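Inspection log for the structure reproduced underneath, given as structure tokens.
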Amino acid sequence: MALHDCCIWGCAKAPQLGLAITFYPASSRMGVNLKQGPQKCCKRECCCLRVSAPKALTPMEDEKAVVESSGNADMIRVQPSVLKGFHKDANLIPKQLGGNGVSSSDRSKVRVAYKGLPGAYTEDAALKAYPKCETVPCVDFETAFKSVESWLVDKAVLPIESSIVGSIHRNYDLLIRHKLHIVGEVHLLIKHCLLGQNGVTKQDLRCVMSHPQALIQCETMLTNLGVTNIGVDDTAAAARVVALEGRRDIGAIASSRAAKLYGLDILAEGIQDDDVNVTRFLILARDPIFPGTDRPYKTSIVFSLDEDPTVLFRALGAFALRNINLSKIESRPLKHCPLSALDDSKEGSTTSFKYLLYIDFEASLADPRARYALENLQECTRFFRILGCYPVDKTDTTASS
Ligand SMILES: O=C(O)C(=O)C[C@]1(C(=O)O)C=C[C@@H](O)C=C1
């Protein structure tokens, strides 16, 4: 059986559950005070823990999961020994890119990379965009980008914003660091389920694992249950750990598809705080698509502005004057030059950040209004790039759909 490490962000209260999760100080992804002992961490404070968990590719039903020390003081290794309830289809789960490579086959299919394990929502988004595609799981977003750049796959799909939690900043930063083009978007209605071992009830749970975004989206239910939260790499990874652990007091928040795939019971459905819980995903490819006017299109751009008090007004005015709607504005720090000391002789010395502005506007590049707006905009930009022009996903994502 192939084993790979997987990162688990957890609440330091986890030791009470008997989960031998230990701190991983080198890469504190959530900015946690690692000196804080487990017992001191309050319930909803997530911290960065690393668990070397099995991402078993061909699990056997008679194996038992045990947690043991890896020899590295900062890590534990979960050895799969009992995979109670683990669905046999899991034998078909492909290897994650970034691990031992891809086990792929049918080159006639569009191959779409995504971050996570089979059963993750991002895989749902890939299948919504390309129902017959071959989905290729990747260990992280960067691997998904690189797998397109190196021709291992044709496209990558990644979450960019959630209607409840907001922007996924990591992916905005990766868009600028890589040269891929946005060729599509997918709006996915996320209906979270609470999953557990067969026969378990909600009241049996003392700990619930999921992707940090999913934990936030289900905060009310988690608070009412009074359980400890553990953040993991993706929702499917949470389902998988619950299946591998074989414990009745650990649950996962994931999709109903993940429940089926990992052989878990659905203890509750639609548990997110807000019925309308939509995540928007982007589809990336090596080449841009030819913009049309046959249907509604959206264009995504990124730029930095000159330093001038009127510049933002002028930049946004380029679109307003042409009646072009802006559907998203995001700003991110310009990382290679984050600070500039402004010498203001009257007010003393101040420090300001420099930003990149990401804008999505509702027009196709084939529309002359968009071309004039961009010409106008570039009169006040220092840096400018078109990230992509692509058809709008017009799916009705109201709760009833
Ligand atoms: O964890 C998953 O299943 C994912 O696909 C990731 C992700 C995200 O990053 O927001 C996608 C949609 C849901 O909002 C929760 C998690």
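Going through the structure tokens in order, the chains are called A, B, and so on, while each chain numbers its residues from 1 and the ligands are numbered from 1 in the order shown.
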Please tabulate, as a tab-separated table, the residues of chain A that come within 10 Å of ligand 1, each with its closest pair of atoms and the distance in Å to one decimal, counting only C-alpha atoms and all ligand atoms and ordering rows by chain, then residue number upward.
residue	atom	partner	partner_atom_place_in_ligand_line	distance
A:Tyr114	CA	ligand 1	5 (O)	8.2
A:Lys115	CA	ligand 1	5 (O)	7.1
A:Gly116	CA	ligand 1	5 (O)	6.6
A:Leu117	CA	ligand 1	3 (O)	7.9
A:Pro118	CA	ligand 1	3 (O)	8.8
A:Gly119	CA	ligand 1	3 (O)	7.0
A:Ala120	CA	ligand 1	3 (O)	3.4
A:Tyr121	CA	ligand 1	5 (O)	3.7
A:Thr122	CA	ligand 1	5 (O)	3.7
A:Glu123	CA	ligand 1	5 (O)	6.7
A:Asp124	CA	ligand 1	5 (O)	7.9
A:Ala125	CA	ligand 1	5 (O)	8.2
A:Val157	CA	ligand 1	5 (O)	9.7
A:Leu158	CA	ligand 1	9 (O)	7.9
A:Pro159	CA	ligand 1	9 (O)	5.5
A:Ile160	CA	ligand 1	10 (O)	7.7
A:Glu161	CA	ligand 1	10 (O)	7.2
A:Ser162	CA	ligand 1	14 (O)	6.0
A:Ser163	CA	ligand 1	14 (O)	8.7
A:Ile164	CA	ligand 1	14 (O)	8.5
A:Val165	CA	ligand 1	14 (O)	8.1
A:Gly166	CA	ligand 1	10 (O)	9.2
A:Ser167	CA	ligand 1	10 (O)	9.0
A:Ile168	CA	ligand 1	9 (O)	7.2
A:Asn171	CA	ligand 1	9 (O)	9.7
A:Leu188	CA	ligand 1	12 (C)	8.1
A:Leu189	CA	ligand 1	14 (O)	9.0
A:Ile190	CA	ligand 1	13 (C)	6.3
A:Lys191	CA	ligand 1	13 (C)	8.9
A:His192	CA	ligand 1	13 (C)	8.4
A:Ser210	CA	ligand 1	1 (O)	7.2
A:His211	CA	ligand 1	1 (O)	4.9
A:Pro212	CA	ligand 1	16 (C)	7.4
A:Gln213	CA	ligand 1	15 (C)	5.2
A:Ala214	CA	ligand 1	15 (C)	4.7
A:Leu215	CA	ligand 1	15 (C)	8.4
A:Ile216	CA	ligand 1	14 (O)	9.2
A:Gln217	CA	ligand 1	14 (O)	7.5
A:Gly231	CA	ligand 1	1 (O)	9.9
A:Val232	CA	ligand 1	1 (O)	8.3
A:Asp233	CA	ligand 1	1 (O)	6.7
A:Asp234	CA	ligand 1	1 (O)	3.2
A:Thr235	CA	ligand 1	1 (O)	3.8
A:Ala236	CA	ligand 1	3 (O)	5.7
A:Ala237	CA	ligand 1	1 (O)	7.8
A:Ala238	CA	ligand 1	1 (O)	8.5
A:Ala239	CA	ligand 1	3 (O)	9.9
A:Ile253	CA	ligand 1	1 (O)	9.1
A:Ala254	CA	ligand 1	3 (O)	6.7
A:Ser255	CA	ligand 1	3 (O)	7.7
A:Ala258	CA	ligand 1	3 (O)	9.0
A:Asn277	CA	ligand 1	14 (O)	7.8
A:Val278	CA	ligand 1	14 (O)	7.3
A:Thr279	CA	ligand 1	14 (O)	5.5
A:Arg280	CA	ligand 1	12 (C)	8.3
A:Phe281	CA	ligand 1	11 (C)	8.4
Selection near Phe145 (chain A), 7 Å with only C-alpha atoms, sequence-local residues under 4 positions removed, as a ChimeraX atom specification:
/A:141,149,156
Resulting file, chosen residues, C-alpha atoms, as a PDB file, in the first residue's frame:
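Output (selection-v7.pdb):
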ATOM      1  CA  PHE A 141      -2.526  24.121  -5.627  1.00  0.00           C
ATOM      2  CA  GLU A 149       2.454  23.871 -17.338  1.00  0.00           C
ATOM      3  CA  ALA A 156      -6.526  22.743 -13.531  1.00  0.00           C
TER       4      ALA A 156
END
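Computed from the coordinates, the CA of Lys260 (chain A) to CA of Cys193 (chain A) distance equals 11.5 Å.
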Please compute the CA of Ser304 (chain A)-CA of Glu142 (chain A) distance, one decimal, in Å.
23.4 Å
DSSP alpha helix (DSSP H) residues within region 130-208 of chain A, as a PyMOL selection string
chain A and resi 141-149+169-177
Where does DSSP see strand (DSSP E) in region 134-314 of chain A, if you list the residues as a PyMOL selection string?
chain A and resi 134-138+155-162+166-167+181-189+193-196+207-210+228-232+250-254+265-269+278-285+297-305
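Across the structure, CA of Val139 (chain A) and CA of Trp151 (chain A) are spaced 17.1 Å apart.
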